[in-house]
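The structure file work35.txt is reproduced below (compact mmCIF, N, CA and C atoms and all ligand atoms).
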# COMPACT_ATOMS: atom_id res chain seq x y z
N MET A 1 106.50 93.25 87.46
CA MET A 1 106.72 93.51 88.89
C MET A 1 107.43 94.84 89.11
N ALA A 2 108.37 95.20 88.22
CA ALA A 2 109.10 96.47 88.36
C ALA A 2 108.13 97.65 88.26
N ALA A 3 107.19 97.55 87.33
CA ALA A 3 106.21 98.64 87.15
C ALA A 3 105.39 98.82 88.42
N LEU A 4 105.10 97.70 89.06
CA LEU A 4 104.28 97.75 90.27
C LEU A 4 105.10 98.28 91.45
N ARG A 5 106.34 97.85 91.55
CA ARG A 5 107.19 98.33 92.64
C ARG A 5 107.40 99.84 92.53
N ALA A 6 107.49 100.33 91.29
CA ALA A 6 107.71 101.76 91.07
C ALA A 6 106.52 102.59 91.56
N ARG A 7 105.36 101.95 91.71
CA ARG A 7 104.17 102.67 92.17
C ARG A 7 104.22 102.91 93.68
N ASP A 8 105.15 102.26 94.39
CA ASP A 8 105.34 102.49 95.82
C ASP A 8 104.02 102.38 96.58
N LEU A 9 103.42 101.21 96.50
CA LEU A 9 102.10 101.00 97.12
C LEU A 9 102.16 101.19 98.63
N ALA A 10 101.11 101.78 99.18
CA ALA A 10 100.97 101.92 100.62
C ALA A 10 100.38 100.64 101.19
N LEU A 11 100.76 100.29 102.41
CA LEU A 11 100.11 99.14 103.06
C LEU A 11 98.66 99.53 103.36
N PRO A 12 97.73 98.61 103.06
CA PRO A 12 96.31 98.99 103.14
C PRO A 12 95.68 98.94 104.52
N VAL A 13 96.34 98.30 105.50
CA VAL A 13 95.71 98.14 106.82
C VAL A 13 96.42 99.02 107.84
N ASP A 14 95.65 99.81 108.54
CA ASP A 14 96.15 100.71 109.58
C ASP A 14 97.05 99.98 110.58
N ARG A 15 98.18 100.57 110.92
CA ARG A 15 99.08 100.08 111.96
C ARG A 15 99.80 98.78 111.60
N VAL A 16 99.63 98.29 110.38
CA VAL A 16 100.37 97.10 109.96
C VAL A 16 101.63 97.55 109.20
N ARG A 17 102.78 97.00 109.61
CA ARG A 17 104.07 97.35 109.00
C ARG A 17 104.54 96.19 108.13
N PRO A 18 105.47 96.45 107.21
CA PRO A 18 105.96 95.36 106.34
C PRO A 18 106.46 94.15 107.14
N ALA A 19 107.08 94.39 108.30
CA ALA A 19 107.61 93.27 109.10
C ALA A 19 106.50 92.37 109.65
N ASP A 20 105.27 92.88 109.69
CA ASP A 20 104.14 92.08 110.20
C ASP A 20 103.60 91.11 109.15
N LEU A 21 104.00 91.30 107.90
CA LEU A 21 103.40 90.50 106.81
C LEU A 21 103.99 89.11 106.74
N ARG A 22 103.16 88.13 106.38
CA ARG A 22 103.59 86.75 106.13
C ARG A 22 103.14 86.38 104.73
N ASP A 23 104.06 85.79 103.96
CA ASP A 23 103.72 85.43 102.59
C ASP A 23 102.83 84.20 102.56
N ASN A 24 101.57 84.36 102.18
CA ASN A 24 100.68 83.20 102.06
C ASN A 24 100.08 83.08 100.66
N PHE A 25 100.77 83.68 99.68
CA PHE A 25 100.31 83.67 98.28
C PHE A 25 100.22 82.25 97.73
N PHE A 26 101.20 81.41 98.09
CA PHE A 26 101.26 80.06 97.51
C PHE A 26 100.57 79.01 98.37
N ASP A 27 99.97 79.43 99.48
CA ASP A 27 99.23 78.48 100.32
C ASP A 27 98.07 77.87 99.53
N ALA A 28 97.75 76.63 99.85
CA ALA A 28 96.59 76.00 99.23
C ALA A 28 95.35 76.36 100.04
N ARG A 29 94.33 76.81 99.36
CA ARG A 29 93.04 77.12 100.00
C ARG A 29 91.96 76.46 99.16
N ASP A 30 91.22 75.54 99.78
CA ASP A 30 90.16 74.83 99.06
C ASP A 30 90.71 74.20 97.77
N GLY A 31 91.92 73.65 97.87
CA GLY A 31 92.50 72.96 96.73
C GLY A 31 93.06 73.85 95.64
N ARG A 32 93.06 75.17 95.88
CA ARG A 32 93.61 76.08 94.88
C ARG A 32 94.68 76.95 95.52
N ARG A 33 95.51 77.57 94.67
CA ARG A 33 96.49 78.51 95.19
C ARG A 33 95.76 79.74 95.72
N HIS A 34 96.17 80.18 96.90
CA HIS A 34 95.52 81.34 97.53
C HIS A 34 95.59 82.56 96.62
N GLY A 35 96.79 82.89 96.13
CA GLY A 35 96.93 83.96 95.13
C GLY A 35 96.70 85.36 95.67
N ALA A 36 96.89 85.54 96.97
CA ALA A 36 96.63 86.84 97.59
C ALA A 36 97.45 86.94 98.87
N LEU A 37 97.30 88.06 99.55
CA LEU A 37 97.98 88.28 100.83
C LEU A 37 96.91 88.51 101.90
N ASP A 38 96.92 87.67 102.94
CA ASP A 38 96.02 87.88 104.07
C ASP A 38 96.75 88.72 105.11
N ILE A 39 96.12 89.81 105.51
CA ILE A 39 96.70 90.69 106.53
C ILE A 39 95.77 90.66 107.74
N MET A 40 96.24 90.04 108.82
CA MET A 40 95.41 89.90 110.01
C MET A 40 95.31 91.23 110.76
N ALA A 41 94.12 91.55 111.23
CA ALA A 41 93.92 92.80 111.98
C ALA A 41 92.58 92.74 112.68
N PRO A 42 92.43 93.46 113.78
CA PRO A 42 91.13 93.47 114.46
C PRO A 42 90.02 93.99 113.55
N ARG A 43 88.82 93.49 113.81
CA ARG A 43 87.65 93.92 113.06
C ARG A 43 87.51 95.44 113.18
N GLN A 44 87.14 96.07 112.08
CA GLN A 44 86.91 97.52 111.98
C GLN A 44 88.19 98.36 111.94
N THR A 45 89.34 97.69 111.78
CA THR A 45 90.57 98.45 111.52
C THR A 45 90.41 99.14 110.15
N PRO A 46 90.76 100.42 110.04
CA PRO A 46 90.62 101.12 108.77
C PRO A 46 91.46 100.49 107.65
N VAL A 47 90.86 100.43 106.46
CA VAL A 47 91.54 99.94 105.24
C VAL A 47 91.61 101.12 104.28
N SER A 48 92.81 101.36 103.74
CA SER A 48 92.97 102.49 102.82
C SER A 48 93.49 102.02 101.48
N ALA A 49 93.31 102.85 100.47
CA ALA A 49 93.72 102.52 99.10
C ALA A 49 95.25 102.42 99.04
N VAL A 50 95.76 101.37 98.40
CA VAL A 50 97.21 101.19 98.28
C VAL A 50 97.81 102.14 97.26
N ASP A 51 96.96 102.69 96.39
CA ASP A 51 97.42 103.49 95.25
C ASP A 51 96.29 104.45 94.91
N ALA A 52 96.63 105.46 94.14
CA ALA A 52 95.58 106.30 93.56
C ALA A 52 94.84 105.47 92.51
N GLY A 53 93.71 105.97 92.06
CA GLY A 53 92.98 105.26 91.02
C GLY A 53 91.49 105.44 91.12
N THR A 54 90.78 104.43 90.62
CA THR A 54 89.32 104.50 90.52
C THR A 54 88.70 103.25 91.13
N ILE A 55 87.61 103.45 91.86
CA ILE A 55 86.84 102.30 92.35
C ILE A 55 86.12 101.69 91.16
N ALA A 56 86.53 100.47 90.80
CA ALA A 56 85.98 99.82 89.61
C ALA A 56 84.66 99.12 89.92
N LYS A 57 84.60 98.46 91.08
CA LYS A 57 83.41 97.66 91.39
C LYS A 57 83.30 97.45 92.90
N LEU A 58 82.08 97.60 93.41
CA LEU A 58 81.77 97.21 94.79
C LEU A 58 80.93 95.95 94.66
N PHE A 59 81.44 94.85 95.19
CA PHE A 59 80.82 93.56 94.89
C PHE A 59 80.64 92.76 96.17
N TYR A 60 79.48 92.11 96.29
CA TYR A 60 79.22 91.25 97.45
C TYR A 60 79.20 89.80 97.02
N SER A 61 80.06 88.99 97.63
CA SER A 61 80.14 87.57 97.33
C SER A 61 79.93 86.80 98.62
N LYS A 62 78.71 86.28 98.80
CA LYS A 62 78.34 85.66 100.07
C LYS A 62 79.26 84.51 100.46
N GLY A 63 79.56 83.60 99.50
CA GLY A 63 80.38 82.43 99.82
C GLY A 63 81.86 82.64 99.54
N GLY A 64 82.25 83.84 99.19
CA GLY A 64 83.65 84.11 98.83
C GLY A 64 84.21 85.27 99.61
N GLY A 65 84.43 86.37 98.91
CA GLY A 65 85.10 87.52 99.53
C GLY A 65 84.22 88.39 100.40
N GLY A 66 82.92 88.10 100.45
CA GLY A 66 82.02 88.93 101.26
C GLY A 66 81.90 90.32 100.66
N ILE A 67 82.09 91.33 101.49
CA ILE A 67 82.06 92.72 101.02
C ILE A 67 83.42 93.05 100.43
N THR A 68 83.44 93.38 99.13
CA THR A 68 84.72 93.55 98.43
C THR A 68 84.78 94.86 97.63
N ILE A 69 86.01 95.25 97.33
CA ILE A 69 86.28 96.42 96.48
C ILE A 69 87.28 96.00 95.41
N TYR A 70 86.99 96.37 94.18
CA TYR A 70 87.95 96.26 93.09
C TYR A 70 88.35 97.67 92.70
N GLN A 71 89.64 97.95 92.71
CA GLN A 71 90.14 99.29 92.38
C GLN A 71 91.16 99.21 91.24
N PHE A 72 91.01 100.08 90.24
CA PHE A 72 92.02 100.19 89.19
C PHE A 72 93.09 101.18 89.61
N ASP A 73 94.32 100.96 89.14
CA ASP A 73 95.35 101.99 89.29
C ASP A 73 95.09 103.05 88.20
N PRO A 74 95.75 104.21 88.25
CA PRO A 74 95.43 105.29 87.32
C PRO A 74 95.61 104.91 85.84
N SER A 75 96.54 104.00 85.55
CA SER A 75 96.78 103.63 84.15
C SER A 75 95.92 102.45 83.73
N ARG A 76 95.13 101.93 84.67
CA ARG A 76 94.27 100.77 84.42
C ARG A 76 95.08 99.59 83.90
N THR A 77 96.26 99.40 84.51
CA THR A 77 97.10 98.25 84.20
C THR A 77 96.86 97.16 85.22
N PHE A 78 96.62 97.60 86.47
CA PHE A 78 96.43 96.67 87.59
C PHE A 78 95.07 96.88 88.24
N CYS A 79 94.60 95.80 88.88
CA CYS A 79 93.40 95.91 89.69
C CYS A 79 93.76 95.44 91.09
N TYR A 80 93.38 96.22 92.09
CA TYR A 80 93.60 95.87 93.50
C TYR A 80 92.28 95.38 94.07
N TYR A 81 92.35 94.29 94.83
CA TYR A 81 91.14 93.65 95.34
C TYR A 81 91.22 93.56 96.86
N TYR A 82 90.21 94.07 97.53
CA TYR A 82 90.15 94.09 98.99
C TYR A 82 88.90 93.30 99.39
N ALA A 83 89.07 92.26 100.23
CA ALA A 83 87.91 91.40 100.54
C ALA A 83 87.76 91.13 102.03
N HIS A 84 86.59 90.58 102.37
CA HIS A 84 86.14 90.27 103.74
C HIS A 84 85.92 91.54 104.57
N LEU A 85 85.63 92.65 103.90
CA LEU A 85 85.45 93.90 104.64
C LEU A 85 84.24 93.82 105.57
N ASP A 86 84.32 94.56 106.65
CA ASP A 86 83.18 94.70 107.56
C ASP A 86 82.15 95.65 106.94
N SER A 87 82.67 96.72 106.35
CA SER A 87 81.82 97.69 105.66
C SER A 87 82.69 98.58 104.78
N TYR A 88 82.03 99.34 103.91
CA TYR A 88 82.72 100.32 103.09
C TYR A 88 82.86 101.63 103.87
N ALA A 89 83.80 102.46 103.45
CA ALA A 89 83.84 103.82 103.96
C ALA A 89 82.54 104.51 103.56
N PRO A 90 82.00 105.37 104.41
CA PRO A 90 80.73 106.02 104.09
C PRO A 90 80.78 106.72 102.74
N GLY A 91 79.78 106.47 101.90
CA GLY A 91 79.65 107.17 100.62
C GLY A 91 80.48 106.60 99.48
N LEU A 92 81.27 105.56 99.74
CA LEU A 92 82.12 105.00 98.67
C LEU A 92 81.26 104.53 97.50
N GLN A 93 81.66 104.89 96.27
CA GLN A 93 80.86 104.56 95.09
C GLN A 93 81.72 104.06 93.95
N GLU A 94 81.11 103.24 93.08
CA GLU A 94 81.79 102.82 91.86
C GLU A 94 82.05 104.04 90.99
N GLY A 95 83.22 104.08 90.37
CA GLY A 95 83.58 105.21 89.52
C GLY A 95 84.28 106.33 90.27
N GLN A 96 84.28 106.23 91.59
CA GLN A 96 84.90 107.28 92.41
C GLN A 96 86.41 107.24 92.29
N ARG A 97 87.03 108.39 92.20
CA ARG A 97 88.49 108.47 92.22
C ARG A 97 88.95 108.49 93.66
N VAL A 98 90.02 107.77 93.93
CA VAL A 98 90.58 107.75 95.28
C VAL A 98 92.05 108.12 95.24
N ARG A 99 92.53 108.64 96.35
CA ARG A 99 93.94 108.95 96.50
C ARG A 99 94.62 107.78 97.20
N ARG A 100 95.93 107.68 97.03
CA ARG A 100 96.71 106.70 97.79
C ARG A 100 96.54 107.03 99.27
N GLY A 101 96.19 106.03 100.07
CA GLY A 101 96.02 106.24 101.51
C GLY A 101 94.64 106.69 101.93
N GLU A 102 93.74 106.86 100.97
CA GLU A 102 92.37 107.29 101.32
C GLU A 102 91.59 106.13 101.93
N LEU A 103 90.83 106.43 102.99
CA LEU A 103 90.00 105.41 103.64
C LEU A 103 88.95 104.87 102.67
N ILE A 104 88.89 103.54 102.54
CA ILE A 104 87.88 102.94 101.64
C ILE A 104 86.99 101.92 102.36
N GLY A 105 87.42 101.43 103.53
CA GLY A 105 86.59 100.44 104.22
C GLY A 105 87.20 100.05 105.55
N TYR A 106 86.66 98.94 106.09
CA TYR A 106 87.09 98.46 107.41
C TYR A 106 87.27 96.95 107.38
N VAL A 107 88.28 96.45 108.06
CA VAL A 107 88.56 95.01 108.15
C VAL A 107 87.37 94.29 108.77
N GLY A 108 87.08 93.11 108.24
CA GLY A 108 85.99 92.30 108.78
C GLY A 108 86.21 90.83 108.54
N ASN A 109 85.11 90.08 108.55
CA ASN A 109 85.19 88.65 108.28
C ASN A 109 84.00 88.20 107.43
N THR A 110 83.51 89.09 106.56
CA THR A 110 82.37 88.74 105.70
C THR A 110 82.80 87.71 104.65
N GLY A 111 81.81 87.02 104.07
CA GLY A 111 82.10 85.97 103.10
C GLY A 111 82.59 84.73 103.81
N ASN A 112 83.59 84.07 103.25
CA ASN A 112 84.03 82.79 103.82
C ASN A 112 85.22 82.92 104.78
N ALA A 113 85.44 84.12 105.33
CA ALA A 113 86.51 84.28 106.32
C ALA A 113 86.06 83.71 107.66
N SER A 114 87.03 83.21 108.43
CA SER A 114 86.71 82.68 109.75
C SER A 114 86.25 83.80 110.67
N ALA A 115 85.19 83.54 111.42
CA ALA A 115 84.64 84.56 112.33
C ALA A 115 85.65 84.94 113.40
N SER A 116 86.54 84.01 113.73
CA SER A 116 87.50 84.27 114.80
C SER A 116 88.79 84.91 114.29
N ALA A 117 88.90 85.09 112.98
CA ALA A 117 90.15 85.62 112.43
C ALA A 117 89.89 86.69 111.37
N PRO A 118 89.37 87.85 111.80
CA PRO A 118 89.16 88.92 110.81
C PRO A 118 90.47 89.30 110.14
N HIS A 119 90.41 89.56 108.86
CA HIS A 119 91.61 89.94 108.11
C HIS A 119 91.23 90.59 106.80
N LEU A 120 92.18 91.28 106.21
CA LEU A 120 92.01 91.78 104.84
C LEU A 120 92.64 90.77 103.90
N HIS A 121 91.84 90.29 102.96
CA HIS A 121 92.37 89.48 101.86
C HIS A 121 92.65 90.47 100.74
N PHE A 122 93.94 90.64 100.41
CA PHE A 122 94.32 91.65 99.42
C PHE A 122 95.00 90.99 98.23
N ALA A 123 94.53 91.28 97.05
CA ALA A 123 95.11 90.70 95.84
C ALA A 123 95.41 91.80 94.82
N ILE A 124 96.36 91.52 93.95
CA ILE A 124 96.68 92.41 92.84
C ILE A 124 96.59 91.59 91.56
N PHE A 125 95.88 92.12 90.58
CA PHE A 125 95.79 91.45 89.29
C PHE A 125 96.34 92.36 88.20
N ARG A 126 97.19 91.80 87.34
CA ARG A 126 97.58 92.52 86.13
C ARG A 126 96.45 92.28 85.12
N LEU A 127 95.79 93.34 84.71
CA LEU A 127 94.61 93.21 83.85
C LEU A 127 94.98 92.66 82.48
N THR A 128 94.06 91.93 81.90
CA THR A 128 94.21 91.45 80.52
C THR A 128 93.90 92.62 79.58
N PRO A 129 94.14 92.47 78.27
CA PRO A 129 93.89 93.60 77.35
C PRO A 129 92.46 94.15 77.39
N GLU A 130 91.51 93.35 77.84
CA GLU A 130 90.13 93.85 77.95
C GLU A 130 90.00 94.90 79.05
N ARG A 131 90.92 94.86 80.01
CA ARG A 131 90.92 95.82 81.13
C ARG A 131 89.59 95.88 81.87
N VAL A 132 89.09 94.71 82.25
CA VAL A 132 87.86 94.63 83.03
C VAL A 132 88.20 94.08 84.41
N TRP A 133 87.42 94.48 85.41
CA TRP A 133 87.78 94.20 86.80
C TRP A 133 87.80 92.72 87.17
N TRP A 134 87.10 91.90 86.38
CA TRP A 134 87.01 90.48 86.74
C TRP A 134 88.01 89.59 86.00
N LYS A 135 88.91 90.18 85.21
CA LYS A 135 89.89 89.36 84.47
C LYS A 135 91.30 89.87 84.69
N GLY A 136 92.16 89.00 85.24
CA GLY A 136 93.55 89.41 85.40
C GLY A 136 94.39 88.27 85.93
N ASP A 137 95.70 88.48 85.90
CA ASP A 137 96.64 87.47 86.40
C ASP A 137 97.18 87.93 87.74
N PRO A 138 97.08 87.09 88.77
CA PRO A 138 97.51 87.50 90.10
C PRO A 138 99.02 87.73 90.22
N VAL A 139 99.37 88.78 90.92
CA VAL A 139 100.75 89.13 91.25
C VAL A 139 100.85 89.00 92.77
N ASN A 140 101.99 88.55 93.27
CA ASN A 140 102.12 88.36 94.73
C ASN A 140 102.32 89.71 95.45
N PRO A 141 101.31 90.16 96.21
CA PRO A 141 101.44 91.46 96.90
C PRO A 141 102.59 91.48 97.90
N TYR A 142 102.87 90.34 98.49
CA TYR A 142 103.95 90.28 99.49
C TYR A 142 105.26 90.73 98.86
N SER A 143 105.54 90.24 97.66
CA SER A 143 106.78 90.60 96.95
C SER A 143 106.84 92.09 96.64
N VAL A 144 105.68 92.69 96.43
CA VAL A 144 105.63 94.11 96.12
C VAL A 144 105.89 94.95 97.38
N PHE A 145 105.25 94.55 98.49
CA PHE A 145 105.41 95.30 99.74
C PHE A 145 106.79 95.11 100.36
N LYS A 146 107.38 93.94 100.13
CA LYS A 146 108.66 93.62 100.75
C LYS A 146 109.84 94.03 99.87
N GLN A 147 109.69 95.09 99.08
CA GLN A 147 110.74 95.47 98.14
C GLN A 147 111.96 95.99 98.87
ZN ZN A 201 92.88 85.28 101.70
Could you write out this file's structure as structure tokens?
Amino acid sequence: MAALRARDLALPVDRVRPADLRDNFFDARDGRRHGALDIMAPRQTPVSAVDAGTIAKLFYSKGGGGITIYQFDPSRTFCYYYAHLDSYAPGLQEGQRVRRGELIGYVGNTGNASASAPHLHFAIFRLTPERVWWKGDPVNPYSVFKQ
């Protein structure tokens, strides 16, 4: 957690401040731990990268996260996951390097998000030694932002 706090992550949703956040990491969702931070915001609110790094994967999960982005931090220790996006930023590609605060997409309700409650589902994973985008242990983003 200290390594992550030292990275001074930016909040990913436009106009959302730390005081607006609610910790829902430990909430039960479909019988499992949520393991992420939901940030409520109007549809099409800009979403920006919390850290510098590389776009690891652009993935569509119809019954899950919908339009999603997996991003590695520069040291490839952590993976940041952004889900339920309305769309990607124009031209966003896998392998692309991004800066902290760079526009990467827009808030939506794709996948299994409620149509009446658009939000960004944001997760952080500490990667396993394989360092692949689909394997990691969840870290509570709320604890990182509320430092
Ligand atoms: Zn969520």
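Distances here use only C-alpha atoms and all ligand atoms; by that measure, the residue among A:Ala89, A:Val98, A:Ala117, A:Met1 closest to ligand ZN 201 (chain A) is A:Ala117.
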Spatial neighbours of Leu37 (chain A), 7 Å, only N, CA and C atoms, chain gap at least 4 places, as a list in words
Arg22, Asp23, Asn24, Phe25, Leu120, His121, Phe122, Ala123, Ile124, Asn140, Pro141 and Tyr142 of chain A
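The residues of chain A that DSSP classifies as helix (DSSP H, G or I), using the backbone of this structure, are Ala2, Ala3, Leu4, Arg5, Pro18, Ala19, Asp20, Pro141, Tyr142, Ser143, Val144 and Phe145 of chain A.
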Store the residues picked out above in a file with N, CA and C atoms, as a compact mmCIF listing (two decimals), keeping the file's coordinate frame.
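Output saved as again-v8.txt:
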# COMPACT_ATOMS: atom_id res chain seq x y z
N ALA A 2 108.37 95.20 88.22
CA ALA A 2 109.10 96.47 88.36
C ALA A 2 108.13 97.65 88.26
N ALA A 3 107.19 97.55 87.33
CA ALA A 3 106.21 98.64 87.15
C ALA A 3 105.39 98.82 88.42
N LEU A 4 105.10 97.70 89.06
CA LEU A 4 104.28 97.75 90.27
C LEU A 4 105.10 98.28 91.45
N ARG A 5 106.34 97.85 91.55
CA ARG A 5 107.19 98.33 92.64
C ARG A 5 107.40 99.84 92.53
N PRO A 18 105.47 96.45 107.21
CA PRO A 18 105.96 95.36 106.34
C PRO A 18 106.46 94.15 107.14
N ALA A 19 107.08 94.39 108.30
CA ALA A 19 107.61 93.27 109.10
C ALA A 19 106.50 92.37 109.65
N ASP A 20 105.27 92.88 109.69
CA ASP A 20 104.14 92.08 110.20
C ASP A 20 103.60 91.11 109.15
N PRO A 141 101.31 90.16 96.21
CA PRO A 141 101.44 91.46 96.90
C PRO A 141 102.59 91.48 97.90
N TYR A 142 102.87 90.34 98.49
CA TYR A 142 103.95 90.28 99.49
C TYR A 142 105.26 90.73 98.86
N SER A 143 105.54 90.24 97.66
CA SER A 143 106.78 90.60 96.95
C SER A 143 106.84 92.09 96.64
N VAL A 144 105.68 92.69 96.43
CA VAL A 144 105.63 94.11 96.12
C VAL A 144 105.89 94.95 97.38
N PHE A 145 105.25 94.55 98.49
CA PHE A 145 105.41 95.30 99.74
C PHE A 145 106.79 95.11 100.36
Exercise: residues within 12 Å of coordinate (97.8, 106.2, 101.4), counting only C-alpha atoms, as a PDB file with N, CA and C atoms, keeping the file's coordinate frame:
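Written output follows (point_7.pdb):
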ATOM      1  N   ARG A   7     105.360 101.950  91.710  1.00  0.00           N
ATOM      2  CA  ARG A   7     104.170 102.670  92.170  1.00  0.00           C
ATOM      3  C   ARG A   7     104.220 102.910  93.680  1.00  0.00           C
ATOM      4  N   ASP A   8     105.150 102.260  94.390  1.00  0.00           N
ATOM      5  CA  ASP A   8     105.340 102.490  95.820  1.00  0.00           C
ATOM      6  C   ASP A   8     104.020 102.380  96.580  1.00  0.00           C
ATOM      7  N   LEU A   9     103.420 101.210  96.500  1.00  0.00           N
ATOM      8  CA  LEU A   9     102.100 101.000  97.120  1.00  0.00           C
ATOM      9  C   LEU A   9     102.160 101.190  98.630  1.00  0.00           C
ATOM     10  N   ALA A  10     101.110 101.780  99.180  1.00  0.00           N
ATOM     11  CA  ALA A  10     100.970 101.920 100.620  1.00  0.00           C
ATOM     12  C   ALA A  10     100.380 100.640 101.190  1.00  0.00           C
ATOM     13  N   LEU A  11     100.760 100.290 102.410  1.00  0.00           N
ATOM     14  CA  LEU A  11     100.110  99.140 103.060  1.00  0.00           C
ATOM     15  C   LEU A  11      98.660  99.530 103.360  1.00  0.00           C
ATOM     16  N   PRO A  12      97.730  98.610 103.060  1.00  0.00           N
ATOM     17  CA  PRO A  12      96.310  98.990 103.140  1.00  0.00           C
ATOM     18  C   PRO A  12      95.680  98.940 104.520  1.00  0.00           C
ATOM     19  N   VAL A  13      96.340  98.300 105.500  1.00  0.00           N
ATOM     20  CA  VAL A  13      95.710  98.140 106.820  1.00  0.00           C
ATOM     21  C   VAL A  13      96.420  99.020 107.840  1.00  0.00           C
ATOM     22  N   ASP A  14      95.650  99.810 108.540  1.00  0.00           N
ATOM     23  CA  ASP A  14      96.150 100.710 109.580  1.00  0.00           C
ATOM     24  C   ASP A  14      97.050  99.980 110.580  1.00  0.00           C
ATOM     25  N   PRO A  46      90.760 100.420 110.040  1.00  0.00           N
ATOM     26  CA  PRO A  46      90.620 101.120 108.770  1.00  0.00           C
ATOM     27  C   PRO A  46      91.460 100.490 107.650  1.00  0.00           C
ATOM     28  N   VAL A  47      90.860 100.430 106.460  1.00  0.00           N
ATOM     29  CA  VAL A  47      91.540  99.940 105.240  1.00  0.00           C
ATOM     30  C   VAL A  47      91.610 101.120 104.280  1.00  0.00           C
ATOM     31  N   SER A  48      92.810 101.360 103.740  1.00  0.00           N
ATOM     32  CA  SER A  48      92.970 102.490 102.820  1.00  0.00           C
ATOM     33  C   SER A  48      93.490 102.020 101.480  1.00  0.00           C
ATOM     34  N   ALA A  49      93.310 102.850 100.470  1.00  0.00           N
ATOM     35  CA  ALA A  49      93.720 102.520  99.100  1.00  0.00           C
ATOM     36  C   ALA A  49      95.250 102.420  99.040  1.00  0.00           C
ATOM     37  N   VAL A  50      95.760 101.370  98.400  1.00  0.00           N
ATOM     38  CA  VAL A  50      97.210 101.190  98.280  1.00  0.00           C
ATOM     39  C   VAL A  50      97.810 102.140  97.260  1.00  0.00           C
ATOM     40  N   ASP A  51      96.960 102.690  96.390  1.00  0.00           N
ATOM     41  CA  ASP A  51      97.420 103.490  95.250  1.00  0.00           C
ATOM     42  C   ASP A  51      96.290 104.450  94.910  1.00  0.00           C
ATOM     43  N   ALA A  52      96.630 105.460  94.140  1.00  0.00           N
ATOM     44  CA  ALA A  52      95.580 106.300  93.560  1.00  0.00           C
ATOM     45  C   ALA A  52      94.840 105.470  92.510  1.00  0.00           C
ATOM     46  N   GLY A  53      93.710 105.970  92.060  1.00  0.00           N
ATOM     47  CA  GLY A  53      92.980 105.260  91.020  1.00  0.00           C
ATOM     48  C   GLY A  53      91.490 105.440  91.120  1.00  0.00           C
ATOM     49  N   VAL A  98      90.020 107.770  93.930  1.00  0.00           N
ATOM     50  CA  VAL A  98      90.580 107.750  95.280  1.00  0.00           C
ATOM     51  C   VAL A  98      92.050 108.120  95.240  1.00  0.00           C
ATOM     52  N   ARG A  99      92.530 108.640  96.350  1.00  0.00           N
ATOM     53  CA  ARG A  99      93.940 108.950  96.500  1.00  0.00           C
ATOM     54  C   ARG A  99      94.620 107.780  97.200  1.00  0.00           C
ATOM     55  N   ARG A 100      95.930 107.680  97.030  1.00  0.00           N
ATOM     56  CA  ARG A 100      96.710 106.700  97.790  1.00  0.00           C
ATOM     57  C   ARG A 100      96.540 107.030  99.270  1.00  0.00           C
ATOM     58  N   GLY A 101      96.190 106.030 100.070  1.00  0.00           N
ATOM     59  CA  GLY A 101      96.020 106.240 101.510  1.00  0.00           C
ATOM     60  C   GLY A 101      94.640 106.690 101.930  1.00  0.00           C
ATOM     61  N   GLU A 102      93.740 106.860 100.970  1.00  0.00           N
ATOM     62  CA  GLU A 102      92.370 107.290 101.320  1.00  0.00           C
ATOM     63  C   GLU A 102      91.590 106.130 101.930  1.00  0.00           C
ATOM     64  N   LEU A 103      90.830 106.430 102.990  1.00  0.00           N
ATOM     65  CA  LEU A 103      90.000 105.410 103.640  1.00  0.00           C
ATOM     66  C   LEU A 103      88.950 104.870 102.670  1.00  0.00           C
ATOM     67  N   ILE A 104      88.890 103.540 102.540  1.00  0.00           N
ATOM     68  CA  ILE A 104      87.880 102.940 101.640  1.00  0.00           C
ATOM     69  C   ILE A 104      86.990 101.920 102.360  1.00  0.00           C
TER      70      ILE A 104
END
Length of the CA of Phe145 (chain A) to atom C of Thr45 (chain A) vector [Å]
18.7 Å
Any chance you could list, as JSON, numbers by chain, the residues in region 6-145 of chain A that come up strand (DSSP E or B) when DSSP is run on the backbone?
{"A": [13, 28, 29, 32, 33, 37, 38, 39, 40, 46, 47, 48, 53, 54, 55, 56, 57, 58, 59, 60, 61, 66, 67, 68, 69, 70, 71, 72, 78, 79, 80, 81, 82, 83, 84, 85, 86, 87, 88, 97, 98, 103, 104, 105, 106, 107, 108, 119, 120, 121, 122, 123, 124, 125, 126, 127, 136, 137, 138, 139]}
Taking all listed atoms of region 104-110 of chain A, build the axis-aligned box, pad each of the six sides by 5 Å, then write its centre and edge lengths in Å to one decimal as JSON.
{"center_x": 85.6, "center_y": 95.6, "center_z": 105.2, "size_x": 16.5, "size_y": 25.8, "size_z": 17.1}
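With only N, CA and C atoms and all ligand atoms as the atoms that count, the minimum distance from ligand ZN 201 (chain A) to the choices A:His34, A:Arg5, A:Lys57, A:Arg43 is reached by A:His34.
Using only N, CA and C atoms for every distance, the candidate list A:Leu92, A:Ile55, A:Leu4, A:Val139 yields A:Val139 as the residue closest to Ala36 (chain A).
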Quick one: distance from CA of His84 (chain A) to atom N of Ala6 (chain A) in Å, one decimal?
26.7 Å
Would you mind telling me which residue in A:Tyr81, A:Tyr106, A:Phe59, A:Phe125 lies nearest to ligand ZN 201 (chain A) when using only C-alpha atoms and all ligand atoms?
A:Tyr81
